[in-house]
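Containing TSV, C-alpha atoms and all ligand atoms: entry_21.tsv.
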```
chain	number	residue	atom	x	y	z
H	293	MET	CA	82.97	129.36	104.80
H	294	ASN	CA	81.78	126.73	102.32
H	295	ILE	CA	83.91	126.49	99.20
H	296	LEU	CA	83.26	124.89	95.80
H	297	ALA	CA	86.23	123.23	94.09
H	298	PRO	CA	85.21	122.19	90.57
H	299	SER	CA	87.33	119.28	89.32
H	300	ILE	CA	88.70	120.09	85.88
H	301	LEU	CA	88.99	116.38	85.12
H	302	SER	CA	85.43	116.66	83.75
H	303	ALA	CA	86.03	119.94	81.91
H	304	ASP	CA	86.25	120.40	78.16
H	305	PHE	CA	90.04	120.26	77.66
H	306	LYS	CA	89.97	122.07	74.33
H	307	CYS	CA	88.93	125.28	76.13
H	308	LEU	CA	90.18	124.80	79.70
H	309	GLY	CA	91.20	128.42	80.27
H	310	GLU	CA	87.75	129.62	79.22
H	311	GLN	CA	86.05	127.11	81.53
H	312	LEU	CA	88.18	128.26	84.48
H	313	LYS	CA	86.99	131.82	83.90
H	314	ILE	CA	83.34	130.73	83.83
H	315	ILE	CA	83.48	128.80	87.11
H	316	ALA	CA	85.35	131.67	88.81
H	317	GLU	CA	82.81	134.24	87.63
H	318	ASN	CA	80.07	132.08	89.10
H	319	GLY	CA	81.62	131.91	92.56
H	320	ALA	CA	83.97	128.91	92.71
H	321	GLU	CA	86.97	129.84	94.89
H	322	TYR	CA	89.10	126.77	94.18
H	323	VAL	CA	90.10	124.85	91.08
H	324	HIS	CA	90.51	121.14	91.87
H	325	VAL	CA	93.31	119.60	89.81
H	326	ASP	CA	93.38	115.78	89.71
H	327	VAL	CA	96.77	114.34	88.88
H	328	MET	CA	96.89	110.56	88.22
H	329	ASP	CA	99.91	108.41	87.54
H	330	GLY	CA	98.49	105.13	86.20
H	331	LYS	CA	100.00	103.35	89.21
H	332	PHE	CA	98.35	104.56	92.42
H	333	VAL	CA	95.15	104.74	90.35
H	334	PRO	CA	94.48	102.95	87.06
H	335	SER	CA	94.13	106.07	84.96
H	336	ILE	CA	96.52	108.80	83.78
H	337	SER	CA	95.23	112.38	83.65
H	338	PHE	CA	97.66	115.30	83.22
H	339	GLY	CA	100.57	116.87	85.05
H	340	MET	CA	102.84	119.87	85.43
H	341	PRO	CA	102.87	121.24	81.84
H	342	VAL	CA	99.07	121.43	81.68
H	343	MET	CA	98.90	123.10	85.09
H	344	LYS	CA	101.52	125.65	84.11
H	345	SER	CA	99.70	126.57	80.94
H	346	ILE	CA	96.32	127.12	82.64
H	347	ARG	CA	97.75	128.90	85.72
H	348	PRO	CA	97.55	132.39	84.15
H	349	ALA	CA	93.83	131.92	83.32
H	350	THR	CA	92.70	132.54	86.91
H	351	GLU	CA	93.84	133.83	90.28
H	352	LYS	CA	91.75	131.28	92.16
H	353	VAL	CA	93.31	128.71	94.47
H	354	PHE	CA	94.80	125.66	92.73
H	355	ASP	CA	93.81	122.70	94.91
H	356	VAL	CA	96.02	119.92	93.60
H	357	HIS	CA	95.02	116.34	94.38
H	358	LEU	CA	97.97	114.04	93.76
H	359	MET	CA	96.87	110.47	93.10
H	360	ILE	CA	100.45	109.36	92.58
H	361	GLU	CA	102.89	107.00	94.33
H	362	GLU	CA	105.45	108.72	96.56
H	363	PRO	CA	104.36	112.29	95.78
H	364	ILE	CA	107.30	113.63	97.83
H	365	ARG	CA	109.32	113.26	94.61
H	366	TYR	CA	107.35	116.02	92.85
H	367	ILE	CA	106.43	118.65	95.47
H	368	LYS	CA	108.83	121.29	94.09
H	369	GLU	CA	107.64	120.78	90.52
H	370	PHE	CA	103.99	121.18	91.47
H	371	LYS	CA	104.76	124.32	93.42
H	372	GLU	CA	106.55	125.74	90.39
H	373	SER	CA	103.56	124.80	88.24
H	374	GLY	CA	101.24	126.92	90.37
H	375	ALA	CA	99.85	124.75	93.18
H	376	ASP	CA	98.51	126.52	96.29
H	377	ILE	CA	97.36	123.42	98.18
H	378	ILE	CA	98.86	119.97	97.65
H	379	THR	CA	96.91	116.95	98.84
H	380	VAL	CA	98.59	113.57	99.04
H	381	HIS	CA	97.19	110.13	99.76
H	382	TYR	CA	97.86	108.41	103.07
H	383	GLU	CA	98.01	105.14	101.11
H	384	ALA	CA	100.58	106.43	98.59
H	385	CYS	CA	103.31	107.70	100.94
H	386	SER	CA	105.91	105.55	102.68
H	387	ASP	CA	106.50	108.52	105.02
H	388	VAL	CA	103.34	110.61	105.36
H	389	ALA	CA	104.81	113.10	107.86
H	390	ALA	CA	107.90	113.78	105.75
H	391	THR	CA	105.70	114.35	102.68
H	392	LEU	CA	103.45	116.84	104.49
H	393	LYS	CA	106.49	118.63	105.91
H	394	ALA	CA	108.02	118.88	102.42
H	395	ILE	CA	104.83	120.61	101.21
H	396	ARG	CA	104.89	123.09	104.10
H	397	GLU	CA	108.57	123.78	103.54
H	398	GLU	CA	107.62	124.98	100.06
H	399	GLY	CA	105.22	127.44	101.69
H	400	LEU	CA	102.10	125.63	100.47
H	401	LYS	CA	99.04	124.33	102.30
H	402	THR	CA	98.81	120.61	102.96
H	403	GLY	CA	96.01	118.14	102.45
H	404	LEU	CA	95.87	114.48	103.49
H	405	SER	CA	93.46	112.21	101.66
H	406	ILE	CA	92.06	108.80	102.54
H	407	LYS	CA	90.39	106.29	100.22
H	408	PRO	CA	86.88	104.98	101.00
H	409	LYS	CA	88.10	101.84	102.83
H	410	THR	CA	90.83	103.46	104.92
H	411	PRO	CA	89.84	103.93	108.59
H	412	THR	CA	89.22	107.59	109.44
H	413	GLU	CA	91.37	107.37	112.62
H	414	VAL	CA	94.60	107.10	110.60
H	415	VAL	CA	94.61	110.87	110.04
H	416	LYS	CA	94.80	111.67	113.77
H	417	GLU	CA	98.57	111.57	114.24
H	418	PHE	CA	99.14	113.80	111.20
H	419	LEU	CA	96.66	116.57	112.03
H	420	PRO	CA	99.31	119.06	113.24
H	421	LEU	CA	100.83	118.86	109.75
H	422	CYS	CA	97.51	119.25	107.89
H	423	ASP	CA	95.53	122.25	106.65
H	424	MET	CA	92.90	120.03	105.08
H	425	ILE	CA	91.64	116.45	105.17
H	426	LEU	CA	90.21	115.07	101.91
H	427	LEU	CA	87.71	112.25	102.21
H	428	MET	CA	87.25	110.23	99.03
H	429	SER	CA	83.59	109.32	98.54
H	430	VAL	CA	84.40	107.19	95.46
H	431	GLU	CA	87.42	104.99	94.71
H	432	PRO	CA	89.90	107.48	93.25
H	433	GLY	CA	90.68	107.20	89.56
H	434	PHE	CA	87.74	108.44	87.52
H	435	GLY	CA	85.14	111.18	87.42
H	436	GLY	CA	81.43	110.47	87.14
H	437	GLN	CA	81.15	107.65	89.71
H	438	LYS	CA	78.36	107.15	92.25
H	439	PHE	CA	78.71	108.52	95.81
H	440	ILE	CA	79.51	105.61	98.15
H	441	ASP	CA	76.94	105.00	100.90
H	442	GLY	CA	78.48	105.45	104.30
H	443	SER	CA	80.56	108.46	103.25
H	444	LEU	CA	78.35	110.84	105.22
H	445	GLU	CA	79.06	108.89	108.42
H	446	ARG	CA	82.78	108.94	107.64
H	447	ALA	CA	82.66	112.70	107.05
H	448	ALA	CA	80.97	113.18	110.42
H	449	GLN	CA	83.66	111.04	112.09
H	450	LEU	CA	86.39	113.14	110.49
H	451	ARG	CA	84.70	116.39	111.55
H	452	THR	CA	84.63	115.11	115.15
H	453	ILE	CA	88.30	114.09	114.96
H	454	ILE	CA	89.20	117.56	113.61
H	455	GLU	CA	87.17	119.34	116.29
H	456	GLN	CA	88.81	117.30	119.03
H	457	SER	CA	92.22	118.46	117.76
H	458	ASN	CA	91.27	122.14	118.11
H	459	LEU	CA	93.18	122.85	114.91
H	460	PRO	CA	91.79	125.00	112.06
H	461	ILE	CA	91.57	122.18	109.50
H	462	ASP	CA	89.21	122.13	106.52
H	463	LEU	CA	87.29	119.01	105.55
H	464	GLU	CA	86.96	118.39	101.81
H	465	ILE	CA	85.04	115.63	100.05
H	466	ASP	CA	85.56	114.30	96.54
H	467	GLY	CA	83.54	111.95	94.35
H	468	GLY	CA	79.93	111.63	93.30
H	469	ILE	CA	78.77	115.00	94.64
H	470	THR	CA	75.61	116.30	92.98
H	471	LEU	CA	73.13	119.15	93.41
H	472	GLU	CA	70.88	116.57	95.07
H	473	ASN	CA	73.25	115.29	97.77
H	474	VAL	CA	75.44	118.35	98.46
H	475	SER	CA	73.17	119.70	101.16
H	476	ASP	CA	73.41	116.47	103.24
H	477	VAL	CA	77.17	116.43	102.66
H	478	ILE	CA	77.54	119.90	104.17
H	479	ASP	CA	75.31	118.92	107.09
H	480	SER	CA	77.73	116.05	107.83
H	481	GLY	CA	80.53	118.56	108.51
H	482	VAL	CA	82.24	119.06	105.14
H	483	ASN	CA	83.16	122.63	104.11
H	484	ILE	CA	84.99	122.16	100.80
H	485	ILE	CA	83.09	120.44	98.01
H	486	VAL	CA	84.77	118.91	94.97
H	487	ALA	CA	82.42	118.34	92.05
H	488	GLY	CA	83.45	117.37	88.54
H	489	SER	CA	80.79	115.93	86.27
H	490	ALA	CA	77.96	117.72	88.11
H	491	VAL	CA	79.59	121.11	87.47
H	492	PHE	CA	80.96	120.71	83.95
H	493	LYS	CA	77.72	119.44	82.39
H	494	ASP	CA	76.94	123.19	82.43
H	495	PRO	CA	79.88	125.06	84.01
H	496	GLY	CA	78.21	128.44	84.49
H	497	GLY	CA	74.70	127.34	85.40
H	498	ASN	CA	75.67	124.48	87.68
H	499	THR	CA	78.43	126.42	89.47
H	500	ALA	CA	75.83	129.08	90.25
H	501	LYS	CA	73.38	126.42	91.50
H	502	PHE	CA	75.98	124.80	93.74
H	503	MET	CA	77.02	128.21	95.10
H	504	LYS	CA	73.43	129.07	95.95
H	505	ILE	CA	73.14	125.94	98.13
H	506	LEU	CA	76.59	126.45	99.70
H	507	LYS	CA	75.73	130.03	100.66
H	508	GLU	CA	72.27	129.09	101.99
H	509	LYS	CA	73.93	126.51	104.24
H	510	GLU	CA	76.20	129.20	105.73
H	511	ALA	CA	73.28	131.39	106.74
R	601	LIG	C1	88.39	111.03	91.31
R	601	LIG	C2	88.80	112.48	91.37
R	601	LIG	C3	87.66	113.41	91.48
R	601	LIG	C4	86.69	113.40	90.33
R	601	LIG	C5	85.37	113.89	90.81
R	601	LIG	O1	89.50	110.23	91.42
R	601	LIG	O2	89.63	112.69	92.49
R	601	LIG	O3	88.09	114.74	91.77
R	601	LIG	O4	87.12	114.16	89.25
R	601	LIG	O5	84.45	113.75	89.78
R	601	LIG	P1	82.90	113.58	90.06
R	601	LIG	O6	82.45	114.83	90.78
R	601	LIG	O7	82.34	113.49	88.68
R	601	LIG	O8	82.70	112.35	90.88
R	602	ZN	ZN	90.11	114.82	93.21
```
Output the file's structure in the form of structure tokens.
Amino acid sequence: MNILAPSILSADFKCLGEQLKIIAENGAEYVHVDVMDGKFVPSISFGMPVMKSIRPATEKVFDVHLMIEEPIRYIKEFKESGADIITVHYEACSDVAATLKAIREEGLKTGLSIKPKTPTEVVKEFLPLCDMILLMSVEPGFGGQKFIDGSLERAAQLRTIIEQSNLPIDLEIDGGITLENVSDVIDSGVNIIVAGSAVFKDPGGNTAKFMKILKEKEA
């Protein structure tokens, strides 16, 4: 199944709850929540209190992307704030396996993310601890950047690595996804699509347009 995960980083924060309802009504199954610490990435976004306050607005899956140093410190807090999936960065953890295990011990799904310059092979040894791999197709830190050339090849490499493991692992991509390139992205082996600016320019209309393409690709 192809899933759309709109990134609320590009949403209108003065009416976040309302925007979550609109994307859900138009078929988005996940809500992608980008947490930034000003250290692992240059920017600071939002954290637990904001997540907690928007959690009651929707029953959809909260797909939490932690762009923070040593995320193992905060797994419990993000669970209590409503996370369903927690994705951490390979580059941000001194002990990747322990971090993924800590997420599973909380009963949540795990994601492991790599930045655009990190070799795809690094994920291999952690696959038994992963429910999802997140490929960054921009340098993490900001919404609205341009999709990095070469990301389709990297997605295809990751899909092959996942298939060789015989494990039921999703492949998500994040950064610079548009209505124009999403079809090629799915063809490269991705099944979960994060899109921020391209969705929230018109949350209802663009969610519906993305969903139409995602469903056509399943047929
Ligand atoms: C970037 C974030 C992304 C971002 C995507 O660091 O992880 O989720 O919000 O935004 P767009 O789709 O605008 O590139
Ligand atoms: Zn993200």
ask   = Which residues form the shell of 10 Å around ligand ZN 602 (chain R) when you count only C-alpha atoms and all ligand atoms, given as an MDAnalysis selection string?
value = chainID H and resid 297:301 324:328 355:359 379 405 426:428 430 432:435 464:467 486:488
In terms of all atoms listed in the file, the residue from H:Ala390, H:Leu419, H:Ala349, H:Met343 at minimal distance from Ile453 (chain H) is H:Leu419
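Here CA of Asp376 (chain H) stands at a distance of 28.9 Å from CA of Glu445 (chain H).
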Which polymer residues, protein or nucleic acid, are no farther than 8 Å from (87.8, 132.1, 92.3), counting all atoms listed in the file, as JSON, numbers by chain?
{"H": [315, 316, 317, 319, 320, 321, 322, 323, 350, 351, 352, 353]}
Atom pair CA of Ile478 (chain H) + CA of Phe418 (chain H), distance 23.5 Å
(message) Would you pick out the contacts of Asn498 (chain H) at 12 Å or less, using all atoms listed in the file, so that residues sharing its chain but fewer than 3 positions from it are not included, and give the list as a list of chain:residue names?
(response)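 My reading of the contact set: H:Leu296, H:Pro298, H:Ile314, H:Ile315, H:Asn318, H:Gly319, H:Ala320, H:Thr470, H:Leu471, H:Glu472, H:Ala487, H:Gly488, H:Ser489, H:Ala490, H:Val491, H:Phe492, H:Lys493, H:Asp494, H:Pro495, H:Lys501, H:Phe502, H:Met503, H:Lys504, H:Ile505.
Of the residues listed (H:Asp423, H:Glu431, H:Glu369, H:Glu361), H:Glu431 shows the shortest atom-to-atom separation from ligand LIG 601 (chain R); distances use all atoms listed in the file.
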Excluding Lys416 (chain H) and its own-chain neighbours fewer than 5 positions away, which residues fall within 10 Å of it when counting all atoms listed in the file? Please give them as a list in words. Cys422, Leu450, Ile453, Ile454, Gln456 and Ser457 of chain H
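Nearest to Asp387 (chain H) of all the residues H:Asp462, H:Glu362, H:Asp479, H:Asp329 is H:Glu362, counting only C-alpha atoms.
Candidate residues H:Met293, H:Val333, H:Cys307, H:Leu463 were compared for distance to ligand LIG 601 (chain R), and the nearest is H:Val333, using all atoms listed in the file.
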What separates CA of Ile364 (chain H) and CA of Thr391 (chain H) is a distance of 5.2 Å
